[in-house]
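Asker: The structure that follows is given in the form of structure tokens.
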Amino acid sequence: MSTLDQLAERLAAFATVKRDELLSRHTTFGVGGPADLWVTVESPDALAGVAHEATAAGESLFILGSGSNILVADAGIRGVVVDNRARQESTVDEGIFRIGTGASFAGYARKMCRQGWAGLTWAVGIPGTLGGAVVYNAGAYGGCLADVLRSVRLVDNTTGHDRWVDASELGLVYRGSVFTRGALAGQTILEAELALAPGDAAALLEEAAGYDTRRLSAQPRGRNAGSMFKNPPEQPAWKLIDAVGLRGARRGDAAVSEKHSNFFVNHGQARAEDVAWLVGEAERRVFDQFGIRLEREVSFVGDWG
Ligand SMILES: Cc1cc2nc3c(=O)[nH]c(=O)nc-3n(C[C@H](O)[C@H](O)[C@H](O)COP(=O)(O)OP(=O)(O)OC[C@H]3O[C@@H](n4cnc5c(N)ncnc54)[C@H](O)[C@@H]3O)c2cc1C
């Protein structure tokens, strides 16, 4: 029996385990090959358990949220991929809420608007889980998670010990954190606490609806992972990509969106390799013409060979 088979047996005691699950089914791009072991967890403690067991067995570990900010290689991801459905919610104190990181961030934001809690109207259209939102300090329309995040519960994958960490220690910046900079590598985010203020539900829902309209008019539909690049200080990334003639460029079923040239889209059966080629072309042309190095917002993950 292989190490992976033995691990699969142990994990099956508290999680759902599948082999060779295609990740194109679990990413908003609709791109990506198989995960060796696909493990679905339903609670923060099960998430901690899987992270620890996989690490102790020497297997590589990837925590997947909604797959809305990643490009997974065509060869997939080796080792264990965790499908995080830890969505438990509770109220800690007046205006202080605790949520499992597998919860839909946009769904939660909309629900809190409906219940008359202010602070998340800008988030109602951001796909992904709360875990992904912490990693990237998700934000839009002048708001970001750092504005409302109080603390997170982390587990050290190696020791299995968990602790609460104050948001001020997470280095939250524009689309980044200690997690994106690798400073807390080997830690999994289990839960988060948000601090929201009382507000008027009708007014909050109206504000959220305004953001919905703005998003619908600016962004393409279909399969994509949102903005491919961070906006450099000099100019928005879409303007630079436009200026180098890549709006609408296509390779196989992968394309630079006609509607918004910082969005790369899958028109059907796009391969990760084709998306990566277009991304590389944008980086090369923008650097050659403007001397600006575009920084990727979308993470390339898995087995790129
Ligand atoms: C149409 C569209 C519009 C978008 N608009 C915006 C926008 O306006 N603003 C914005 O900020 N983003 C936007 N995004 C990007 C994306 O929605 C966010 O980055 C989101 O927060 C990613 O969450 P996720 O759960 O999908 O993360 P995933 O893509 O699943 O994972 C991203 C990374 O986070 C890690 N991760 C996830 N959960 C955990 C955890 N619990 N513990 C440790 N690591 C974890 C993963 O391992 C991976 O490295 C958009 C994306 C799309 C498709």
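Numbering starts fresh at 1 for the residues of each chain in the structure tokens, the chains themselves are lettered A, B, ... in the order given, and ligands are numbered from 1 as they appear.
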Sort by chain and increasing residue number a table of all residues of range 201-244 of chain A within 12 Å of range 174-186 of chain A, each with its closest pair of atoms and their distance in Å to one decimal, counting only C-alpha atoms, and write it as a tab-separated table.
Answerer:
```
residue	atom	partner	partner_atom	distance
A:Ser227	CA	A:Arg175	CA	10.8
A:Met228	CA	A:Arg175	CA	11.7
A:Phe229	CA	A:Arg175	CA	10.2
A:Lys230	CA	A:Arg175	CA	7.7
A:Asn231	CA	A:Tyr174	CA	9.7
A:Pro232	CA	A:Tyr174	CA	11.0
A:Pro233	CA	A:Tyr174	CA	11.5
```
Asker: Output the selection as an mmCIF file, in the first residue's frame - N, CA and C atoms for each residue.
Answerer:
```cif
data_model
loop_
_atom_site.group_PDB
_atom_site.id
_atom_site.type_symbol
_atom_site.label_atom_id
_atom_site.label_comp_id
_atom_site.auth_asym_id
_atom_site.auth_seq_id
_atom_site.Cartn_x
_atom_site.Cartn_y
_atom_site.Cartn_z
ATOM 1 N N SER A 227 -8.863 39.794 -12.012
ATOM 2 C CA SER A 227 -7.707 40.528 -12.553
ATOM 3 C C SER A 227 -6.465 39.646 -12.543
ATOM 4 N N MET A 228 -5.800 39.563 -13.686
ATOM 5 C CA MET A 228 -4.598 38.718 -13.759
ATOM 6 C C MET A 228 -3.415 39.373 -13.060
ATOM 7 N N PHE A 229 -3.309 40.725 -13.211
ATOM 8 C CA PHE A 229 -2.159 41.427 -12.645
ATOM 9 C C PHE A 229 -2.614 42.472 -11.628
ATOM 10 N N LYS A 230 -1.725 42.759 -10.673
ATOM 11 C CA LYS A 230 -1.964 43.901 -9.782
ATOM 12 C C LYS A 230 -1.763 45.161 -10.593
ATOM 13 N N ASN A 231 -2.393 46.228 -10.177
ATOM 14 C CA ASN A 231 -2.186 47.495 -10.875
ATOM 15 C C ASN A 231 -0.867 48.114 -10.438
ATOM 16 N N PRO A 232 0.073 48.309 -11.375
ATOM 17 C CA PRO A 232 1.323 48.972 -10.983
ATOM 18 C C PRO A 232 1.052 50.429 -10.657
ATOM 19 N N PRO A 233 1.932 51.084 -9.873
ATOM 20 C CA PRO A 233 1.673 52.473 -9.479
ATOM 21 C C PRO A 233 1.547 53.406 -10.688
#
```
Asker: I'd like the contact shell of range 25-36 of chain A - 8 Å cut-off, only C-alpha atoms, skipping same-chain residues fewer than 4 positions apart - returned as a compact mmCIF listing (two decimals) with C-alpha atoms, in the first residue's frame.
Answerer:
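Full text of part.txt as output:
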```
# COMPACT_ATOMS: atom_id res chain seq x y z
CA ARG A 19 -8.62 10.13 -5.97
CA ASP A 20 -7.68 12.02 -9.13
CA GLU A 21 -10.40 14.66 -8.94
CA SER A 66 -13.21 28.49 -4.48
CA GLY A 67 -10.28 28.40 -6.90
CA SER A 68 -11.07 31.96 -8.01
CA ILE A 70 -5.42 30.51 -9.14
CA LEU A 71 -4.33 28.98 -12.41
CA VAL A 72 -3.82 25.24 -11.88
CA ALA A 73 -1.34 23.46 -14.17
CA ASP A 74 -2.66 21.02 -16.78
CA ALA A 75 -0.79 18.25 -14.93
CA GLY A 76 -2.73 19.10 -11.77
CA ILE A 77 -1.50 19.17 -8.16
CA ARG A 78 0.47 16.38 -6.49
CA GLY A 79 -0.31 15.23 -2.99
CA VAL A 80 -3.34 16.40 -1.02
CA VAL A 81 -5.74 19.13 -2.13
CA ARG A 223 -14.74 31.59 -16.90
CA ASN A 224 -11.84 33.62 -15.53
CA ALA A 225 -9.91 34.34 -12.32
CA VAL A 265 -10.76 34.15 -20.05
CA ASN A 266 -11.47 30.52 -20.95
CA GLN A 269 -11.49 24.02 -23.32
CA ALA A 270 -8.58 26.37 -22.54
CA ARG A 271 -5.39 24.75 -21.31
CA ALA A 272 -3.39 26.26 -18.44
```
Asker: Could you pull the residues within 9 Å of Leu7 in chain A, counting only C-alpha atoms, minus those fewer than 5 positions along the same chain, as a ChimeraX atom specification?
Answerer: /A:2,12,53-54,57,59
Asker: So that I have them on file, write out the residues from the current selection with N, CA and C atoms, as a PDB file, in the first residue's frame.
Answerer:
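Below is the file that was written, out.pdb:
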```pdb
ATOM      1  N   SER A   2       0.643   2.218  -0.891  1.00  0.00           N
ATOM      2  CA  SER A   2       1.473   3.429  -0.961  1.00  0.00           C
ATOM      3  C   SER A   2       1.193   4.337   0.247  1.00  0.00           C
ATOM      4  N   ALA A  12     -10.009   9.352   5.796  1.00  0.00           N
ATOM      5  CA  ALA A  12     -11.410   8.974   5.575  1.00  0.00           C
ATOM      6  C   ALA A  12     -12.185   8.883   6.890  1.00  0.00           C
ATOM      7  N   GLU A  53      -2.176  15.821   9.333  1.00  0.00           N
ATOM      8  CA  GLU A  53      -1.916  14.420   8.925  1.00  0.00           C
ATOM      9  C   GLU A  53      -1.137  14.375   7.605  1.00  0.00           C
ATOM     10  N   ALA A  54      -1.551  15.219   6.651  1.00  0.00           N
ATOM     11  CA  ALA A  54      -0.898  15.206   5.328  1.00  0.00           C
ATOM     12  C   ALA A  54       0.560  15.624   5.480  1.00  0.00           C
ATOM     13  N   ALA A  57       2.677  13.005   7.095  1.00  0.00           N
ATOM     14  CA  ALA A  57       2.941  11.873   6.184  1.00  0.00           C
ATOM     15  C   ALA A  57       3.933  12.262   5.085  1.00  0.00           C
ATOM     16  N   GLU A  59       3.416  14.392   2.667  1.00  0.00           N
ATOM     17  CA  GLU A  59       2.763  14.723   1.397  1.00  0.00           C
ATOM     18  C   GLU A  59       2.649  16.237   1.248  1.00  0.00           C
TER      19      GLU A  59
END
```
Asker: Pull the closest atom pair for each residue of chain A that gets at most 6 Å from ligand 1, along with the distance in Å to one decimal, counting only C-alpha atoms and all ligand atoms, ordering rows by chain and then ascending residue number, as a Markdown table.
Answerer:
```
| residue | atom | partner | partner_atom_place_in_ligand_line | distance |
| --- | --- | --- | --- | --- |
| A:Thr28 | CA | ligand 1 | 53 (C) | 5.7 |
| A:Phe62 | CA | ligand 1 | 47 (O) | 5.3 |
| A:Ile63 | CA | ligand 1 | 47 (O) | 4.2 |
| A:Leu64 | CA | ligand 1 | 30 (O) | 4.2 |
| A:Gly65 | CA | ligand 1 | 30 (O) | 3.3 |
| A:Ser66 | CA | ligand 1 | 26 (O) | 3.6 |
| A:Gly67 | CA | ligand 1 | 30 (O) | 3.3 |
| A:Ser68 | CA | ligand 1 | 26 (O) | 3.6 |
| A:Asn69 | CA | ligand 1 | 29 (O) | 3.6 |
| A:Ile70 | CA | ligand 1 | 29 (O) | 4.6 |
| A:Thr101 | CA | ligand 1 | 41 (N) | 5.2 |
| A:Ile126 | CA | ligand 1 | 5 (N) | 4.8 |
| A:Pro127 | CA | ligand 1 | 17 (O) | 4.1 |
| A:Gly128 | CA | ligand 1 | 26 (O) | 3.5 |
| A:Thr129 | CA | ligand 1 | 25 (O) | 3.6 |
| A:Gly131 | CA | ligand 1 | 38 (N) | 3.8 |
| A:Gly132 | CA | ligand 1 | 23 (O) | 3.4 |
| A:Ala133 | CA | ligand 1 | 21 (O) | 3.4 |
| A:Val135 | CA | ligand 1 | 34 (O) | 5.4 |
| A:Tyr136 | CA | ligand 1 | 19 (O) | 5.6 |
| A:Ala138 | CA | ligand 1 | 11 (O) | 3.2 |
| A:Gly139 | CA | ligand 1 | 11 (O) | 4.1 |
| A:Ala140 | CA | ligand 1 | 8 (O) | 4.7 |
| A:Thr188 | CA | ligand 1 | 42 (N) | 4.0 |
| A:Ile189 | CA | ligand 1 | 42 (N) | 3.8 |
| A:Leu190 | CA | ligand 1 | 41 (N) | 5.6 |
| A:Asn224 | CA | ligand 1 | 53 (C) | 5.2 |
| A:Ala225 | CA | ligand 1 | 53 (C) | 3.6 |
| A:Gly226 | CA | ligand 1 | 52 (C) | 3.5 |
```
Asker: Among range 56-259 of chain A, which ones does DSSP place in strand (DSSP E or B), written as a ChimeraX atom specification?
Answerer: /A:61-64,70-72,77-84,89-93,96-100,104,117-118,129,139-140,143-144,149-156,162-166,173,176,187-195,197-198,223-227,229,250-251,254-256
Asker: Calculate how many Å separate CA of Val279 in chain A from CA of Asn84 in chain A, rounding to one decimal.
Answerer: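 Going from CA of Val279 in chain A over to CA of Asn84 in chain A, I get 28.2 Å.
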Asker: Neighbouring residues of Ala202 in chain A were defined as those with any atom within 9 Å, considering only C-alpha atoms; residues of the same chain fewer than 4 positions away were excluded. Please report them as number ranges by chain.
Answerer: A: 113-114, 116, 206-207
Asker: So which bits of range 98-205 of chain A end up alpha helix (DSSP H) when you DSSP the backbone, as a list of chain:residue names?
Answerer: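 DSSP-assigned alpha helix (DSSP H) residues in range 98-205 of chain A: A:Phe105, A:Ala106, A:Gly107, A:Tyr108, A:Ala109, A:Arg110, A:Lys111, A:Met112, A:Cys113, A:Arg114, A:Leu130, A:Gly131, A:Gly132, A:Ala133, A:Val134, A:Val135, A:Tyr136, A:Ala201, A:Ala202, A:Ala203, A:Leu204, A:Leu205.
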Asker: Write out, as a PDB file, in the first residue's frame, the residues just selected, with C-alpha atoms.
Answerer:
```pdb
ATOM      1  CA  PHE A 105     -17.101  35.650   1.309  1.00  0.00           C
ATOM      2  CA  ALA A 106     -19.618  37.316  -1.016  1.00  0.00           C
ATOM      3  CA  GLY A 107     -22.512  35.252   0.372  1.00  0.00           C
ATOM      4  CA  TYR A 108     -21.549  36.166   3.924  1.00  0.00           C
ATOM      5  CA  ALA A 109     -21.147  39.853   3.035  1.00  0.00           C
ATOM      6  CA  ARG A 110     -24.608  39.953   1.459  1.00  0.00           C
ATOM      7  CA  LYS A 111     -26.163  38.174   4.428  1.00  0.00           C
ATOM      8  CA  MET A 112     -24.627  40.638   6.885  1.00  0.00           C
ATOM      9  CA  CYS A 113     -25.987  43.575   4.823  1.00  0.00           C
ATOM     10  CA  ARG A 114     -29.434  41.984   4.998  1.00  0.00           C
ATOM     11  CA  LEU A 130     -13.156  33.805   3.464  1.00  0.00           C
ATOM     12  CA  GLY A 131      -9.804  31.942   3.583  1.00  0.00           C
ATOM     13  CA  GLY A 132      -8.833  33.217   0.125  1.00  0.00           C
ATOM     14  CA  ALA A 133      -9.991  36.706   1.111  1.00  0.00           C
ATOM     15  CA  VAL A 134      -7.602  36.684   4.099  1.00  0.00           C
ATOM     16  CA  VAL A 135      -4.676  35.452   1.990  1.00  0.00           C
ATOM     17  CA  TYR A 136      -5.071  38.261  -0.582  1.00  0.00           C
ATOM     18  CA  ALA A 201     -30.194  47.034   6.203  1.00  0.00           C
ATOM     19  CA  ALA A 202     -32.095  48.801   3.407  1.00  0.00           C
ATOM     20  CA  ALA A 203     -29.333  51.383   2.921  1.00  0.00           C
ATOM     21  CA  LEU A 204     -26.639  48.710   2.995  1.00  0.00           C
ATOM     22  CA  LEU A 205     -28.459  46.596   0.409  1.00  0.00           C
TER      23      LEU A 205
END
```
Asker: With only C-alpha atoms as the atoms that count, which of A:Leu4, A:Ile292, A:Val92, A:Val173 lies nearest to Thr55 in chain A?
Answerer: A:Leu4
Asker: At a cut-off of 12 Å, using only C-alpha atoms, what residues contact Asn262 in chain A? Leave out same-chain residues fewer than 4 positions from it and give the result as a JSON list (two decimals) with N, CA and C atoms, in the first residue's frame.
Answerer:
```
[["chain", "number", "residue", "atom", "x", "y", "z"],
["A", 218, "ALA", "N", -18.52, 46.42, -15.85],
["A", 218, "ALA", "CA", -17.08, 46.52, -16.14],
["A", 218, "ALA", "C", -16.42, 45.18, -16.44],
["A", 219, "GLN", "N", -16.97, 44.09, -15.89],
["A", 219, "GLN", "CA", -16.23, 42.83, -15.97],
["A", 219, "GLN", "C", -16.87, 41.84, -16.94],
["A", 220, "PRO", "N", -16.03, 41.00, -17.57],
["A", 220, "PRO", "CA", -16.58, 40.01, -18.50],
["A", 220, "PRO", "C", -17.30, 38.89, -17.75],
["A", 224, "ASN", "N", -13.07, 32.84, -15.68],
["A", 224, "ASN", "CA", -11.84, 33.62, -15.53],
["A", 224, "ASN", "C", -11.45, 33.61, -14.05],
["A", 225, "ALA", "N", -10.33, 34.29, -13.73],
["A", 225, "ALA", "CA", -9.91, 34.34, -12.32],
["A", 225, "ALA", "C", -9.78, 35.80, -11.88],
["A", 226, "GLY", "N", -10.62, 36.65, -12.41],
["A", 226, "GLY", "CA", -10.56, 38.07, -12.02],
["A", 226, "GLY", "C", -9.34, 38.73, -12.64],
["A", 227, "SER", "N", -8.86, 39.79, -12.01],
["A", 227, "SER", "CA", -7.71, 40.53, -12.55],
["A", 227, "SER", "C", -6.46, 39.65, -12.54],
["A", 228, "MET", "N", -5.80, 39.56, -13.69],
["A", 228, "MET", "CA", -4.60, 38.72, -13.76],
["A", 228, "MET", "C", -3.42, 39.37, -13.06],
["A", 229, "PHE", "N", -3.31, 40.72, -13.21],
["A", 229, "PHE", "CA", -2.16, 41.43, -12.65],
["A", 229, "PHE", "C", -2.61, 42.47, -11.63],
["A", 230, "LYS", "N", -1.72, 42.76, -10.67],
["A", 230, "LYS", "CA", -1.96, 43.90, -9.78],
["A", 230, "LYS", "C", -1.76, 45.16, -10.59],
["A", 231, "ASN", "N", -2.39, 46.23, -10.18],
["A", 231, "ASN", "CA", -2.19, 47.49, -10.88],
["A", 231, "ASN", "C", -0.87, 48.11, -10.44],
["A", 236, "PRO", "N", -3.06, 51.62, -14.60],
["A", 236, "PRO", "CA", -3.77, 50.36, -14.40],
["A", 236, "PRO", "C", -3.24, 49.30, -15.38],
["A", 237, "ALA", "N", -3.20, 48.06, -14.93],
["A", 237, "ALA", "CA", -2.66, 46.97, -15.76],
["A", 237, "ALA", "C", -3.41, 46.86, -17.09],
["A", 238, "TRP", "N", -4.74, 47.06, -17.06],
["A", 238, "TRP", "CA", -5.50, 46.88, -18.31],
["A", 238, "TRP", "C", -5.06, 47.85, -19.39],
["A", 239, "LYS", "N", -4.68, 49.07, -18.97],
["A", 239, "LYS", "CA", -4.25, 50.08, -19.96],
["A", 239, "LYS", "C", -2.95, 49.65, -20.61],
["A", 240, "LEU", "N", -2.04, 49.09, -19.80],
["A", 240, "LEU", "CA", -0.74, 48.66, -20.33],
["A", 240, "LEU", "C", -0.93, 47.48, -21.29],
["A", 241, "ILE", "N", -1.81, 46.55, -20.93],
["A", 241, "ILE", "CA", -2.04, 45.36, -21.79],
["A", 241, "ILE", "C", -2.70, 45.79, -23.10],
["A", 242, "ASP", "N", -3.61, 46.73, -22.97],
["A", 242, "ASP", "CA", -4.25, 47.33, -24.15],
["A", 242, "ASP", "C", -3.22, 47.96, -25.08],
["A", 243, "ALA", "N", -2.33, 48.74, -24.45],
["A", 243, "ALA", "CA", -1.36, 49.52, -25.23],
["A", 243, "ALA", "C", -0.38, 48.63, -25.99],
["A", 246, "LEU", "N", -2.75, 43.61, -26.83],
["A", 246, "LEU", "CA", -3.19, 42.24, -26.51],
["A", 246, "LEU", "C", -4.69, 42.11, -26.20],
["A", 247, "ARG", "N", -5.43, 43.20, -26.22],
["A", 247, "ARG", "CA", -6.89, 43.06, -25.97],
["A", 247, "ARG", "C", -7.47, 42.11, -27.02],
["A", 248, "GLY", "N", -8.16, 41.09, -26.56],
["A", 248, "GLY", "CA", -8.78, 40.12, -27.48],
["A", 248, "GLY", "C", -7.82, 39.06, -28.02],
["A", 249, "ALA", "N", -6.52, 39.12, -27.67],
["A", 249, "ALA", "CA", -5.57, 38.13, -28.18],
["A", 249, "ALA", "C", -5.99, 36.73, -27.74],
["A", 255, "ALA", "N", -7.99, 33.45, -23.85],
["A", 255, "ALA", "CA", -7.98, 34.77, -24.50],
["A", 255, "ALA", "C", -7.84, 35.88, -23.47],
["A", 256, "VAL", "N", -7.38, 37.03, -23.95],
["A", 256, "VAL", "CA", -7.43, 38.25, -23.17],
["A", 256, "VAL", "C", -8.81, 38.84, -23.47],
["A", 257, "SER", "N", -9.56, 39.14, -22.42],
["A", 257, "SER", "CA", -10.95, 39.58, -22.63],
["A", 257, "SER", "C", -11.02, 40.84, -23.50],
["A", 258, "GLU", "N", -12.03, 40.86, -24.37],
["A", 258, "GLU", "CA", -12.31, 42.06, -25.18],
["A", 258, "GLU", "C", -12.86, 43.16, -24.28],
["A", 278, "LEU", "N", -0.17, 33.42, -22.79],
["A", 278, "LEU", "CA", -0.70, 34.79, -22.97],
["A", 278, "LEU", "C", -0.21, 35.71, -21.83],
["A", 279, "VAL", "N", -0.18, 35.17, -20.61],
["A", 279, "VAL", "CA", 0.29, 35.95, -19.47],
["A", 279, "VAL", "C", 1.75, 36.34, -19.69],
["A", 282, "ALA", "N", 2.05, 39.10, -22.23],
["A", 282, "ALA", "CA", 1.71, 40.42, -21.67],
["A", 282, "ALA", "C", 2.88, 40.95, -20.85],
["A", 283, "GLU", "N", 3.46, 40.11, -20.02],
["A", 283, "GLU", "CA", 4.58, 40.54, -19.17],
["A", 283, "GLU", "C", 5.75, 41.01, -20.04],
["A", 294, "LEU", "N", 5.03, 43.71, -14.71],
["A", 294, "LEU", "CA", 3.70, 43.40, -14.18],
["A", 294, "LEU", "C", 3.84, 42.33, -13.10],
["A", 295, "GLU", "N", 3.09, 42.52, -12.02],
["A", 295, "GLU", "CA", 3.12, 41.53, -10.94],
["A", 295, "GLU", "C", 1.81, 40.75, -10.95],
["A", 296, "ARG", "N", 1.92, 39.43, -10.96],
["A", 296, "ARG", "CA", 0.69, 38.62, -11.04],
["A", 296, "ARG", "C", -0.14, 38.69, -9.76],
["A", 297, "GLU", "N", -1.44, 38.85, -9.94],
["A", 297, "GLU", "CA", -2.35, 38.75, -8.80],
["A", 297, "GLU", "C", -2.81, 37.28, -8.67],
["A", 298, "VAL", "N", -3.01, 36.64, -9.81],
["A", 298, "VAL", "CA", -3.43, 35.23, -9.84],
["A", 298, "VAL", "C", -2.20, 34.35, -9.58]]
```
Asker: Show which residues sit within 10 Å of Arg153 in chain A, as a PyMOL selection string. Count only C-alpha atoms, and ignore same-chain residues fewer than 3 positions away.
Answerer: chain A and resi 44+98+100-101+162-166+187-193
Asker: What would the file look like if the residues just selected were written as a compact mmCIF listing (two decimals), in the first residue's frame with N, CA and C atoms?
Answerer:
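What ended up in part_35.txt:
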```txt
# COMPACT_ATOMS: atom_id res chain seq x y z
N PRO A 44 -13.68 23.47 10.84
CA PRO A 44 -12.32 23.96 11.06
C PRO A 44 -11.42 22.89 11.68
N ARG A 98 -17.59 35.13 14.18
CA ARG A 98 -16.57 34.11 13.89
C ARG A 98 -17.11 33.22 12.76
N GLY A 100 -16.05 30.11 9.70
CA GLY A 100 -15.12 29.13 9.12
C GLY A 100 -14.62 29.65 7.78
N THR A 101 -13.34 29.37 7.46
CA THR A 101 -12.75 29.98 6.26
C THR A 101 -13.27 29.37 4.95
N ASP A 162 -2.84 24.93 17.21
CA ASP A 162 -3.53 26.09 16.64
C ASP A 162 -3.50 27.26 17.61
N ARG A 163 -3.65 28.47 17.05
CA ARG A 163 -3.61 29.69 17.89
C ARG A 163 -4.34 30.80 17.14
N TRP A 164 -4.82 31.77 17.93
CA TRP A 164 -5.45 32.96 17.33
C TRP A 164 -4.38 34.03 17.14
N VAL A 165 -4.40 34.67 15.98
CA VAL A 165 -3.40 35.69 15.65
C VAL A 165 -4.13 36.98 15.30
N ASP A 166 -3.68 38.09 15.88
CA ASP A 166 -4.32 39.37 15.63
C ASP A 166 -4.09 39.80 14.17
N GLN A 187 1.13 27.16 7.41
CA GLN A 187 0.04 27.45 8.34
C GLN A 187 -1.27 27.46 7.54
N THR A 188 -2.28 26.92 8.11
CA THR A 188 -3.60 26.91 7.45
C THR A 188 -4.55 27.80 8.26
N ILE A 189 -5.35 28.58 7.54
CA ILE A 189 -6.29 29.49 8.21
C ILE A 189 -7.61 28.74 8.43
N LEU A 190 -7.96 28.56 9.69
CA LEU A 190 -9.14 27.75 10.01
C LEU A 190 -10.41 28.59 10.14
N GLU A 191 -10.29 29.71 10.87
CA GLU A 191 -11.45 30.56 11.13
C GLU A 191 -11.00 32.01 11.15
N ALA A 192 -11.95 32.92 11.03
CA ALA A 192 -11.62 34.34 11.12
C ALA A 192 -12.69 35.04 11.94
N GLU A 193 -12.28 36.12 12.60
CA GLU A 193 -13.25 36.96 13.32
C GLU A 193 -13.31 38.33 12.67
```
Asker: I need the residue nearest Ala209 in chain A from this list: A:Val50, A:Val244, A:Ala123, A:Ala197. Use only C-alpha atoms for the distance.
Answerer: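 Closest residue, counting only C-alpha atoms: A:Ala123.
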Asker: Enter the distance from CA of Arg251 in chain A to CA of His267 in chain A, in Å, rounded to one decimal.
Answerer: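 Answer for the CA of Arg251 in chain A to CA of His267 in chain A separation: 10.3 Å.
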Asker: Under the rule that only C-alpha atoms are counted, which of A:Ser104, A:Thr16, A:Gln115, A:Ser24 is the nearest residue to Val82 in chain A?
Answerer: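 Closest to Val82 in chain A of all the choices is A:Thr16.
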Asker: Choose the residue, out of A:Ala46, A:Ala86, A:Ala208, A:Ala15, that has the smallest atom-to-atom separation from Gly125 in chain A; count only C-alpha atoms.
Answerer: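 Of A:Ala46, A:Ala86, A:Ala208, A:Ala15, the one nearest Gly125 in chain A is A:Ala208, counting only C-alpha atoms.
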